[in-house]
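S.K.: After the structure tokens below, expect a handful of questions from me.
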Amino acid sequence: MSAGSQEHYFTARPASDDERRTLAVTLADRDLEVETAGGIFSPDHVDHATAVLLREVPAPPTHGHLLDLGCGWGPIALTLALRSPAATVWAVDVNERALDLTRRNAARHGLGAVHAVRPEQVPDDVRFAAIWSNPPIRVGKEALHALLLHWLPRLVPGGAAHLVVGKNLGADSLQRWLAEQLGASAVVDRVGSAKGFRVLRVTASSDTLPLPA
């Protein structure tokens, strides 16, 4: 993978005033204006995979901790916060520009329960009632697998993660791999399919998933 193709995952510097631009989007049945900028994932629109995820997932839990894994400028995190205003939403990314934009967009719409942070800034004792993610498939299989095995065990018993993955990017093989890795600790199934994307659901069993060593 070239350095240029990875730029939107790892850009460290927040966008300056003249780099930021306004985008009109519809999230949680509301028309919103958000700020975006280059150097992040899908800066010009809600990408197709995320749109499929937001259309296919059930309503999020009304309370507890909710996770947007790989938040970009925040379409998933903002949707979670709009749908579940009493919940705490964690928007996680390694891209400082994306985190800054998510914070700005949450503040713009009065969504004070959104915490846009780097992965290591999420307290270790936080467990998630729901995880929604358009995961960064293009970081490579090894990095993706490590990412998922770090976060999925932090679901509360009965909590569910919904992941959207392109069929041509290995959605079916990822579903099988997750089922093998998680075993009896979770049920992994496909709950949606549209426009070449699969929506996978990982539901934690009644016993908490074992945390990684």
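Chain labels A, B, ... are given in the sequence in which chains occur in the structure tokens; within each chain residues are numbered consecutively from 1, and ligands are likewise numbered from 1 in the order shown.
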If DSSP is run on the backbone, what residues of segment 6-201 of chain A are alpha helix (DSSP H)? A reply as a ChimeraX atom specification would be ideal.
M.R.: /A:6-10,48-56,75-83,96-108,141-151,171-182
S.K.: Restricting the calculation to only C-alpha atoms, which member of A:Thr50, A:Asn105, A:Thr88, A:Ser16 is positioned closest to Leu32 of chain A?
M.R.: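 Closest residue, counting only C-alpha atoms: A:Asn105.
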S.K.: When you look at Ala160 of chain A with a cut-off of 6 Å (counting only C-alpha atoms), what residues show up, excluding the ones that are within fewer than 3 positions of it in the same chain? I need them as a list in words.
M.R.: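 Surrounding residues, per the criterion: Ala130, Val202 and Thr203 of chain A.
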S.K.: How about saving the chosen residues, C-alpha atoms kept, as a PDB file, in the first residue's frame?
M.R.:
```
ATOM      1  CA  ALA A 130     -22.886  -1.029  20.810  1.00  0.00           C
ATOM      2  CA  VAL A 202     -21.128  -9.549  16.356  1.00  0.00           C
ATOM      3  CA  THR A 203     -23.331 -10.178  19.405  1.00  0.00           C
TER       4      THR A 203
END
```
S.K.: Just list the residues in chain A DSSP gives strand (DSSP E) on the backbone, as JSON, numbers by chain.
M.R.: {"A": [21, 22, 23, 24, 25, 26, 27, 30, 31, 32, 33, 34, 35, 36, 65, 66, 67, 68, 69, 88, 89, 90, 91, 92, 114, 115, 116, 117, 128, 129, 130, 131, 132, 133, 155, 156, 157, 158, 159, 160, 161, 162, 163, 164, 165, 166, 186, 187, 188, 189, 190, 191, 192, 193, 194, 197, 198, 199, 200, 201, 202, 203, 204]}
S.K.: Taking only C-alpha atoms into account, which of A:Phe41, A:Leu80, A:Asp93, A:Pro75 comes nearest Ala24 of chain A?
M.R.: A:Pro75
S.K.: Would you list the contacts of segment 116-122 of chain A as a PyMOL selection string, taking every protein, DNA or RNA residue within 10 Å and counting only C-alpha atoms, but skipping same-chain residues closer than 5 positions in sequence?
M.R.: chain A and resi 68-74+77+89-96+98-104+106+127+147+151
S.K.: Between A:Arg138, A:Glu33, A:Val25, A:Asp17, which has the minimum distance to Asp47 of chain A (counting only C-alpha atoms)?
M.R.: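 Of A:Arg138, A:Glu33, A:Val25, A:Asp17, the one nearest Asp47 of chain A, counting only C-alpha atoms, is A:Val25.
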S.K.: Which residues are close to Asp29 of chain A, i.e. within 12 Å by only C-alpha atoms, leaving aside same-chain residues fewer than 4 positions away? Reply as a list in words.
M.R.: Val25, Leu54, Arg55, Leu78, Thr79, Leu82 and Arg83 of chain A
S.K.: Using only C-alpha atoms, which of A:Arg198, A:Arg13, A:His48, A:Arg154 sits nearest Asp172 of chain A?
M.R.: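 Closest residue, counting only C-alpha atoms: A:Arg198.
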S.K.: I need the residue nearest Ala107 of chain A from this list: A:Ala184, A:Ala194, A:Ala51, A:Val34. Use only C-alpha atoms for the distance.
M.R.: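 The answer is A:Val34, which sits nearest to Ala107 of chain A.
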S.K.: When you look at Ala146 of chain A with a cut-off of 12 Å (counting only C-alpha atoms), what residues show up, excluding the ones that are within fewer than 6 positions of it in the same chain? I need them as a PDB file with C-alpha atoms, in the first residue's frame.
M.R.:
```pdb
ATOM      1  CA  PRO A 135     -13.492  -0.443   9.627  1.00  0.00           C
ATOM      2  CA  PRO A 136     -10.273   0.574   7.855  1.00  0.00           C
ATOM      3  CA  ILE A 137      -9.927  -2.529   5.685  1.00  0.00           C
ATOM      4  CA  VAL A 139      -4.697  -0.890   6.630  1.00  0.00           C
ATOM      5  CA  GLY A 140      -4.070  -4.578   5.915  1.00  0.00           C
ATOM      6  CA  LEU A 152     -14.888  -6.395  20.132  1.00  0.00           C
ATOM      7  CA  PRO A 153     -14.102  -8.032  23.504  1.00  0.00           C
ATOM      8  CA  LEU A 178     -14.434 -13.548  13.442  1.00  0.00           C
ATOM      9  CA  GLN A 181     -11.665 -16.274  16.729  1.00  0.00           C
ATOM     10  CA  PRO A 212      -7.099  -9.615  25.047  1.00  0.00           C
ATOM     11  CA  ALA A 213      -3.935 -10.326  26.983  1.00  0.00           C
TER      12      ALA A 213
END
```
S.K.: Can you write out as CSV which residues of segment 35-101 of chain A fall within 8 Å of segment 164-169 of chain A, alongside each residue's closest atom pair and its distance in Å to one decimal, counting only C-alpha atoms and ordering rows by chain and ascending residue number?
M.R.:
```
residue,atom,partner,partner_atom,distance
A:Ala49,CA,A:Val164,CA,6.3
A:Thr50,CA,A:Val164,CA,7.1
A:Val52,CA,A:Val164,CA,7.5
A:Leu53,CA,A:Val164,CA,5.8
```
S.K.: Which neighbours of Val126 of chain A fall inside 10 Å, counting only C-alpha atoms, when residues of the same chain fewer than 5 positions from it are skipped, and could you give them as a tab-separated table (two decimals) with C-alpha atoms, in the first residue's frame?
M.R.:
```tsv
chain	number	residue	atom	x	y	z
A	64	GLY	CA	-24.48	3.33	28.03
A	65	HIS	CA	-21.29	3.71	26.04
A	66	LEU	CA	-21.42	3.57	22.24
A	90	TRP	CA	-16.80	7.49	21.82
A	154	ARG	CA	-15.13	-4.75	25.13
A	155	LEU	CA	-18.81	-5.29	24.30
A	156	VAL	CA	-21.06	-5.70	27.31
```
S.K.: Nearest to Gly170 of chain A among A:Lys141, A:Gly183, A:Ala15, A:Arg21, with distances taken over only C-alpha atoms: which residue is it?
M.R.: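 Using only C-alpha atoms, the shortest distance to Gly170 of chain A belongs to A:Lys141.
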